[in-house]
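Novice: Following this line is my_file_1.cif, made up of mmCIF, C-alpha atoms and all ligand atoms:
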data_my_file
#
loop_
_atom_site.label_atom_id
_atom_site.label_comp_id
_atom_site.auth_asym_id
_atom_site.auth_seq_id
_atom_site.Cartn_x
_atom_site.Cartn_y
_atom_site.Cartn_z
CA MET F 1 -27.38 102.37 145.67
CA ARG F 2 -28.31 99.79 148.29
CA ILE F 3 -30.55 97.01 146.95
CA ALA F 4 -31.96 93.97 148.77
CA LEU F 5 -32.92 90.72 147.06
CA VAL F 6 -35.48 88.58 148.86
CA ALA F 7 -37.11 85.25 148.03
CA ASP F 8 -38.95 82.27 149.48
CA LEU F 9 -41.15 84.16 151.93
CA HIS F 10 -43.54 81.18 151.85
CA GLY F 11 -46.41 82.67 153.82
CA ASN F 12 -44.30 83.31 156.94
CA TRP F 13 -45.52 86.70 158.11
CA PRO F 14 -43.39 87.15 161.27
CA ALA F 15 -40.25 86.45 159.23
CA THR F 16 -41.38 88.84 156.49
CA GLN F 17 -42.09 91.59 159.02
CA ALA F 18 -38.65 91.12 160.60
CA ILE F 19 -36.79 91.33 157.29
CA SER F 20 -38.91 94.31 156.23
CA GLN F 21 -38.00 96.23 159.38
CA ALA F 22 -34.33 95.34 158.94
CA LEU F 23 -34.30 96.54 155.33
CA ASP F 24 -35.93 99.81 156.36
CA SER F 25 -33.43 100.38 159.17
CA LEU F 26 -30.53 99.66 156.81
CA GLY F 27 -31.71 102.30 154.36
CA VAL F 28 -32.34 99.88 151.50
CA GLU F 29 -33.54 101.89 148.51
CA GLU F 30 -34.95 99.13 146.36
CA ILE F 31 -36.10 95.54 146.95
CA TRP F 32 -36.09 92.82 144.29
CA PHE F 33 -38.08 89.59 144.65
CA LEU F 34 -36.83 86.27 143.27
CA GLY F 35 -39.84 84.03 143.75
CA ASP F 36 -41.97 81.96 146.15
CA ALA F 37 -44.00 84.58 147.98
CA VAL F 38 -46.56 81.92 148.85
CA GLY F 39 -47.05 78.26 149.77
CA LYS F 40 -45.94 76.18 152.76
CA GLY F 41 -46.78 78.73 155.50
CA PRO F 42 -50.17 80.03 156.74
CA SER F 43 -50.08 83.79 155.93
CA ASN F 44 -50.03 83.84 152.15
CA ALA F 45 -52.16 86.91 151.41
CA GLN F 46 -49.94 88.98 153.72
CA THR F 47 -46.63 87.89 152.21
CA CYS F 48 -47.98 88.19 148.65
CA ASP F 49 -49.25 91.72 149.32
CA TRP F 50 -45.95 92.72 150.94
CA VAL F 51 -44.06 91.67 147.80
CA ARG F 52 -46.46 93.59 145.58
CA GLN F 53 -46.21 96.72 147.69
CA ARG F 54 -42.48 96.72 148.35
CA CYS F 55 -40.64 95.04 145.49
CA ALA F 56 -39.64 97.04 142.39
CA LEU F 57 -38.53 94.00 140.39
CA CYS F 58 -40.27 90.61 140.63
CA VAL F 59 -39.47 87.16 139.26
CA GLY F 60 -41.74 84.18 139.89
CA GLY F 61 -40.98 80.93 141.70
CA ASN F 62 -42.30 77.40 141.32
CA TRP F 63 -44.80 77.81 144.17
CA ASP F 64 -46.09 81.09 142.70
CA TYR F 65 -46.85 79.41 139.37
CA GLY F 66 -48.13 76.19 140.97
CA ILE F 67 -50.65 78.01 143.15
CA GLY F 68 -51.33 80.98 140.86
CA GLY F 69 -51.85 78.68 137.89
CA LYS F 70 -53.98 76.19 139.87
CA GLN F 71 -51.64 73.38 138.86
CA PHE F 72 -52.31 71.13 141.87
CA PRO F 73 -55.79 70.46 143.34
CA ALA F 74 -54.20 69.85 146.76
CA ASP F 75 -53.40 73.58 146.92
CA GLY F 76 -57.02 74.61 147.48
CA TYR F 77 -56.10 75.97 150.92
CA TYR F 78 -53.83 78.55 149.27
CA TRP F 79 -56.32 79.40 146.52
CA ASN F 80 -58.92 80.24 149.17
CA GLN F 81 -56.50 82.51 151.01
CA LEU F 82 -55.27 84.37 147.94
CA GLY F 83 -58.27 84.70 145.66
CA PRO F 84 -58.24 85.03 141.85
CA GLU F 85 -56.73 88.51 141.58
CA ARG F 86 -53.56 87.68 143.55
CA MET F 87 -53.31 84.28 141.85
CA ALA F 88 -53.40 85.88 138.40
CA TRP F 89 -50.61 88.24 139.47
CA LEU F 90 -48.49 85.36 140.77
CA ASN F 91 -49.02 83.29 137.66
CA GLY F 92 -48.10 86.21 135.41
CA LEU F 93 -44.69 86.88 136.95
CA PRO F 94 -41.71 86.74 134.58
CA ARG F 95 -39.43 83.71 134.78
CA GLU F 96 -36.22 85.68 134.90
CA ALA F 97 -34.74 89.16 134.67
CA GLU F 98 -31.42 90.78 134.02
CA VAL F 99 -29.86 93.90 135.42
CA THR F 100 -26.40 95.40 135.26
CA VAL F 101 -24.88 96.74 138.49
CA SER F 102 -21.47 98.43 138.60
CA GLY F 103 -20.56 96.90 135.27
CA VAL F 104 -21.56 93.32 136.13
CA ARG F 105 -24.45 91.91 134.12
CA PHE F 106 -26.55 89.74 136.45
CA ARG F 107 -29.04 87.04 135.55
CA LEU F 108 -31.84 86.75 138.14
CA PHE F 109 -34.15 83.75 138.43
CA HIS F 110 -35.80 81.50 140.97
CA GLY F 111 -33.64 78.57 140.06
CA ARG F 112 -35.64 75.42 139.67
CA PRO F 113 -33.15 74.63 136.86
CA VAL F 114 -30.42 74.98 139.45
CA THR F 115 -31.84 72.46 141.91
CA GLU F 116 -29.78 69.69 140.38
CA LEU F 117 -26.81 71.99 140.30
CA MET F 118 -27.15 72.56 144.02
CA VAL F 119 -26.68 68.85 144.57
CA VAL F 120 -23.55 68.71 142.47
CA GLN F 121 -21.97 71.95 143.60
CA ASP F 122 -18.49 70.70 142.81
CA ASP F 123 -19.28 70.11 139.14
CA LYS F 124 -18.04 73.43 137.81
CA ARG F 125 -19.28 72.72 134.31
CA LYS F 126 -22.89 72.42 135.49
CA LEU F 127 -22.66 75.44 137.75
CA GLY F 128 -21.10 77.46 134.95
CA ALA F 129 -23.87 76.55 132.50
CA ALA F 130 -26.27 79.02 134.15
CA PHE F 131 -24.04 81.89 133.01
CA HIS F 132 -24.61 81.16 129.33
CA THR F 133 -28.10 81.45 127.83
CA GLU F 134 -29.76 82.50 124.62
CA LEU F 135 -29.84 85.92 126.25
CA GLY F 136 -26.07 86.04 126.19
CA ASP F 137 -23.29 85.70 128.71
CA PHE F 138 -23.59 86.98 132.25
CA GLY F 139 -21.01 88.11 134.78
CA GLY F 140 -23.15 87.02 137.70
CA VAL F 141 -26.05 84.70 138.48
CA ILE F 142 -28.33 85.45 141.43
CA PHE F 143 -31.02 82.93 142.22
CA ALA F 144 -33.20 81.48 144.96
CA ASP F 145 -35.03 78.18 145.53
CA SER F 146 -32.59 76.22 147.67
CA HIS F 147 -33.46 78.30 150.79
CA ARG F 148 -29.75 78.53 151.65
CA PRO F 149 -27.83 81.76 151.15
CA PHE F 150 -24.34 81.67 149.68
CA LEU F 151 -21.81 83.74 147.78
CA ARG F 152 -19.08 82.27 145.63
CA THR F 153 -17.07 82.92 142.51
CA LEU F 154 -16.57 80.68 139.51
CA GLN F 155 -14.42 81.20 136.45
CA GLU F 156 -17.53 82.60 134.74
CA GLY F 157 -18.37 85.10 137.48
CA TYR F 158 -20.37 85.46 140.68
CA LEU F 159 -22.74 82.67 141.77
CA VAL F 160 -25.04 83.94 144.51
CA ASN F 161 -28.08 82.60 146.34
CA THR F 162 -30.38 84.98 148.21
CA GLY F 163 -31.43 82.43 150.81
CA SER F 164 -35.00 82.41 152.15
CA VAL F 165 -36.97 84.90 154.21
CA GLY F 166 -39.57 82.55 155.65
CA ASN F 167 -38.37 78.99 155.25
CA SER F 168 -34.60 78.98 155.73
CA MET F 169 -32.74 75.70 155.63
CA GLY F 170 -29.64 75.37 157.77
CA VAL F 171 -29.98 78.44 159.97
CA PRO F 172 -33.68 79.17 160.69
CA ARG F 173 -33.43 82.98 160.53
CA ALA F 174 -34.72 85.32 157.82
CA HIS F 175 -32.16 85.87 155.06
CA ALA F 176 -31.72 88.34 152.20
CA LEU F 177 -28.94 89.43 149.87
CA LEU F 178 -27.68 93.01 149.98
CA LEU F 179 -26.21 94.44 146.81
CA GLU F 180 -24.52 97.83 146.81
CA GLY F 181 -23.36 99.44 143.59
CA GLU F 182 -24.36 101.51 140.61
CA ARG F 183 -27.71 100.30 139.30
CA ASP F 184 -28.11 100.11 135.50
CA SER F 185 -24.51 101.15 135.00
CA ALA F 186 -22.26 99.37 132.52
CA ALA F 187 -19.20 101.17 133.89
CA SER F 188 -16.98 99.07 136.11
CA ALA F 189 -17.23 100.28 139.69
CA PRO F 190 -17.01 98.89 143.22
CA LEU F 191 -19.72 96.37 144.05
CA MET F 192 -20.55 94.93 147.46
CA MET F 193 -22.57 91.75 148.06
CA SER F 194 -23.45 90.54 151.53
CA ILE F 195 -25.75 88.12 153.30
CA LEU F 196 -28.24 89.68 155.70
CA SER F 197 -29.31 87.36 158.55
CA VAL F 198 -32.21 88.56 160.69
CA PRO F 199 -33.66 86.82 163.75
CA TYR F 200 -37.44 86.67 163.96
CA ASP F 201 -40.04 85.34 166.36
CA ASN F 202 -40.10 81.72 165.17
CA GLN F 203 -42.50 80.76 167.97
CA ALA F 204 -44.98 83.41 166.84
CA ALA F 205 -44.83 81.85 163.38
CA VAL F 206 -45.41 78.41 164.92
CA ALA F 207 -48.42 79.74 166.85
CA ILE F 208 -50.02 81.11 163.65
CA ALA F 209 -49.57 77.71 161.99
CA MET F 210 -50.90 75.75 164.97
CA ALA F 211 -54.02 77.93 165.10
CA ASP F 212 -54.83 76.93 161.51
CA ASP F 213 -56.00 73.33 161.24
CA GLY F 214 -56.30 73.57 157.45
CA LEU F 215 -52.63 74.23 156.73
CA PRO F 216 -51.26 71.38 154.58
CA PHE F 217 -48.14 69.61 155.92
CA ARG F 218 -48.37 71.71 159.08
CA GLU F 219 -46.04 69.56 161.19
CA ALA F 220 -43.37 69.63 158.48
CA TYR F 221 -43.63 73.41 158.21
CA VAL F 222 -43.28 73.84 161.99
CA THR F 223 -40.25 71.55 162.04
CA GLU F 224 -38.63 73.45 159.18
CA ILE F 225 -39.05 76.94 160.66
CA THR F 226 -37.81 75.85 164.07
CA THR F 227 -34.92 73.59 163.06
CA GLY F 228 -33.92 74.56 159.49
CA VAL F 229 -34.17 70.90 158.46
CA TYR F 230 -36.14 70.11 155.29
CA SER F 231 -39.07 67.94 156.40
CA ARG F 232 -41.65 67.46 153.61
FE FE M 301 -39.17 78.06 147.89
#
Just dump the structure as C-alpha cells.

Specialist:
Amino acid sequence: MRIALVADLHGNWPATQAISQALDSLGVEEIWFLGDAVGKGPSNAQTCDWVRQRCALCVGGNWDYGIGGKQFPADGYYWNQLGPERMAWLNGLPREAEVTVSGVRFRLFHGRPVTELMVVQDDKRKLGAAFHTELGDFGGVIFADSHRPFLRTLQEGYLVNTGSVGNSMGVPRAHALLLEGERDSAASAPLMMSILSVPYDNQAAVAIAMADDGLPFREAYVTEITTGVYSR
C-alpha cells in the first residue's frame, strides 16, 4: 500500500494543489495529515477543506490548536476565514496517533516537543526519547513542525520528518513523505520510505498573498515561500 504523509500546508493553496496532483498521479491510496493545515498563508479555508476531504488519518499541529482554539487574539484574520465549524474541527484533532506498517510500529505527531530536539540533532539521547512514551516503545517516529524533510535511523529506530507542503524551509518546494508497505500489519515485511519533492507556482502563491492586505506578517510569508529562509 502506498501512503503519503503531509503536514504544514499553512494556507498555501498553489502548493497544496501541486502536491495533491502529484499524489494522485503517483497512485497514492491513502493520505495522512500531521498538523498545521492553517496559519501563515492566505488560503486557509481551502487548505483546511482539502485536508478534511482527502486525509484518512489526521493529527493536529500547534497552529491548528492556536487558531481553532482562539488562543491568540492576533489571529482574528484566520478566524474570519475559517469560521466556527472548521475551527472546532481543527481544535478537536488528536495530538498523536500510532500505526503499524510492515511490522514497524510508528508514532505520529506534529512535533512541538521535538523542536528543541531539532536544534540538538546530535544529542542521540534526546532524539531517542521520542521513541519511548507511556504508550510503549516505537520502532519509528514520524513527525512534522520543522518544515524540513529528513529520513534517518537511530539505535531506537527510524526518525522521519515529513517536511512541509506550503511553507518549506531550505528548499522552497512542496514536500511529503511516501510510505510503502503493509498497513496495519505486525508481520515484518519490506518497507519503503521516500521524500517527495514537488515544484509549485511560488509566484502564484505570492500573488494571492499580495492581493490580501489583511494577511498578518505578509512580507515574512512571501520571503519564506520564495527563499525557504525562516523570516518571522
Ligand atoms: Fe508549521

Novice: Between atom CA of F:Trp89 and atom CA of F:Ile67, what distance in Å does the model show, to one decimal?

Specialist: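 Between atom CA of F:Trp89 and atom CA of F:Ile67 the gap works out to 10.9 Å.
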
Novice: Hey, what's within 8 Å of F:Cys48 if we count all atoms listed in the file and toss same-chain stuff fewer than 6 positions away? As a VMD selection string, please?

Specialist: chain F and resid 11 37 to 38 86

Novice: For the interface of chain F with ligand FE 301 (chain M) (cut-off 10 Å, counting all atoms listed in the file), please tabulate each contacting residue of chain F alongside its nearest pair of atoms and their separation in Å to one decimal, rows sorted by chain and increasing number, as a tab-separated table.

Specialist:
residue	atom	partner	partner_atom	distance
F:Ala7	CA	M:FE301	FE	7.5
F:Asp8	CA	M:FE301	FE	4.5
F:Leu9	CA	M:FE301	FE	7.6
F:His10	CA	M:FE301	FE	6.7
F:Leu34	CA	M:FE301	FE	9.7
F:Gly35	CA	M:FE301	FE	7.3
F:Asp36	CA	M:FE301	FE	5.1
F:Ala37	CA	M:FE301	FE	8.1
F:Val38	CA	M:FE301	FE	8.4
F:Gly39	CA	M:FE301	FE	8.1
F:Lys40	CA	M:FE301	FE	8.5
F:Gly61	CA	M:FE301	FE	7.1
F:Asn62	CA	M:FE301	FE	7.3
F:Trp63	CA	M:FE301	FE	6.8
F:Asp64	CA	M:FE301	FE	9.2
F:His110	CA	M:FE301	FE	8.4
F:Gly111	CA	M:FE301	FE	9.6
F:Arg112	CA	M:FE301	FE	9.3
F:Ala144	CA	M:FE301	FE	7.5
F:Asp145	CA	M:FE301	FE	4.8
F:Ser146	CA	M:FE301	FE	6.8
F:His147	CA	M:FE301	FE	6.4
F:Gly163	CA	M:FE301	FE	9.4
F:Ser164	CA	M:FE301	FE	7.4
F:Val165	CA	M:FE301	FE	9.6
F:Gly166	CA	M:FE301	FE	9.0
F:Asn167	CA	M:FE301	FE	7.5
F:Ser168	CA	M:FE301	FE	9.1

Novice: Please determine, counting all atoms listed in the file, which residue among F:Ala15, F:Ala129, F:Val222, F:Met1 has the shortest atom-to-atom distance to F:Glu29.

Specialist: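 With all atoms listed in the file as the atom set, the closest residue is F:Met1.
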
Novice: In Å, how far is it from atom CA of F:Leu179 to atom CA of F:Pro14?

Specialist: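 Separating atom CA of F:Leu179 from atom CA of F:Pro14 is a distance of 23.6 Å.
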
Novice: Using all atoms listed in the file, find each residue in stretch 26-73 of chain F having at least one atom no more than 7 Å away from stretch 92-109 of chain F; report its shortest atom-to-atom pair and that distance in Å (one decimal), rows by chain then rising number, as a tab-separated table.

Specialist:
residue	atom	partner	partner_atom	distance
F:Leu34	CA	F:Phe109	CA	6.1
F:Cys58	CA	F:Leu93	CA	6.9
F:Val59	CA	F:Pro94	CA	5.2
F:Gly60	CA	F:Leu93	CA	5.0

Novice: To one decimal place in Å, what is the distance between atom CA of F:Arg148 and atom CA of F:Glu224?

Specialist: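 These two atoms are separated by 12.7 Å.
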
Novice: Just want the 8 Å neighbourhood of F:Ala220, counted on all atoms listed in the file, with same-chain residues fewer than 3 positions away dropped. Output as a ChimeraX atom specification.

Specialist: /F:217,223-224,230-232

Novice: What's around F:Gln53 at 12 Å? Count all atoms listed in the file, leave out sequence neighbours fewer than 6 positions away in its own chain, and write the answer as a list of chain:residue names.

Specialist: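 Close residues of F:Gln53: F:Ser20, F:Glu30, F:Ile31, F:Trp32, F:Phe33, F:Gln46, F:Thr47.
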
Novice: Using only C-alpha atoms for the distances, tell me which of F:Ala4, F:Asn91, F:Pro84, F:Tyr78 is nearest to F:Ala56.

Specialist: F:Ala4

Novice: Kindly reconstruct stretch 66-89 of chain F with N, CA and C atoms and present the result as a tab-separated table (two decimals), in the frame of the given file.

Specialist:
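The result, written out as part_26.tsv:
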chain	number	residue	atom	x	y	z
F	66	GLY	N	-47.32	77.36	140.62
F	66	GLY	CA	-48.13	76.19	140.97
F	66	GLY	C	-49.46	76.58	141.58
F	67	ILE	N	-49.42	77.55	142.50
F	67	ILE	CA	-50.65	78.01	143.15
F	67	ILE	C	-51.40	78.99	142.25
F	68	GLY	N	-50.67	79.97	141.71
F	68	GLY	CA	-51.33	80.98	140.86
F	68	GLY	C	-51.96	80.37	139.63
F	69	GLY	N	-51.34	79.32	139.09
F	69	GLY	CA	-51.85	78.68	137.89
F	69	GLY	C	-52.75	77.50	138.18
F	70	LYS	N	-53.09	77.29	139.45
F	70	LYS	CA	-53.98	76.19	139.87
F	70	LYS	C	-53.50	74.84	139.31
F	71	GLN	N	-52.21	74.60	139.44
F	71	GLN	CA	-51.64	73.38	138.86
F	71	GLN	C	-51.96	72.13	139.69
F	72	PHE	N	-52.16	72.31	141.01
F	72	PHE	CA	-52.31	71.13	141.87
F	72	PHE	C	-53.57	71.28	142.74
F	73	PRO	N	-54.54	70.38	142.56
F	73	PRO	CA	-55.79	70.46	143.34
F	73	PRO	C	-55.56	70.46	144.85
F	74	ALA	N	-54.48	69.88	145.32
F	74	ALA	CA	-54.20	69.85	146.76
F	74	ALA	C	-53.90	71.23	147.33
F	75	ASP	N	-53.73	72.23	146.46
F	75	ASP	CA	-53.40	73.58	146.92
F	75	ASP	C	-54.62	74.45	147.16
F	76	GLY	N	-55.80	73.84	147.28
F	76	GLY	CA	-57.02	74.61	147.48
F	76	GLY	C	-56.96	75.54	148.69
F	77	TYR	N	-56.27	75.12	149.72
F	77	TYR	CA	-56.10	75.97	150.92
F	77	TYR	C	-55.50	77.32	150.53
F	78	TYR	N	-54.49	77.30	149.67
F	78	TYR	CA	-53.83	78.55	149.27
F	78	TYR	C	-54.69	79.36	148.32
F	79	TRP	N	-55.43	78.68	147.43
F	79	TRP	CA	-56.32	79.40	146.52
F	79	TRP	C	-57.35	80.19	147.31
F	80	ASN	N	-57.90	79.56	148.36
F	80	ASN	CA	-58.92	80.24	149.17
F	80	ASN	C	-58.35	81.46	149.87
F	81	GLN	N	-57.11	81.37	150.33
F	81	GLN	CA	-56.50	82.51	151.01
F	81	GLN	C	-56.23	83.67	150.04
F	82	LEU	N	-55.78	83.34	148.84
F	82	LEU	CA	-55.27	84.37	147.94
F	82	LEU	C	-56.34	84.99	147.06
F	83	GLY	N	-57.25	84.18	146.57
F	83	GLY	CA	-58.27	84.70	145.66
F	83	GLY	C	-57.74	84.89	144.25
F	84	PRO	N	-58.65	85.04	143.28
F	84	PRO	CA	-58.24	85.03	141.85
F	84	PRO	C	-57.35	86.20	141.43
F	85	GLU	N	-57.52	87.36	142.03
F	85	GLU	CA	-56.73	88.51	141.58
F	85	GLU	C	-55.25	88.32	141.93
F	86	ARG	N	-54.97	87.92	143.18
F	86	ARG	CA	-53.56	87.68	143.55
F	86	ARG	C	-52.99	86.49	142.76
F	87	MET	N	-53.81	85.46	142.57
F	87	MET	CA	-53.31	84.28	141.85
F	87	MET	C	-52.94	84.63	140.41
F	88	ALA	N	-53.73	85.47	139.77
F	88	ALA	CA	-53.40	85.88	138.40
F	88	ALA	C	-52.09	86.65	138.39
F	89	TRP	N	-51.88	87.48	139.40
F	89	TRP	CA	-50.61	88.24	139.47
F	89	TRP	C	-49.44	87.28	139.63
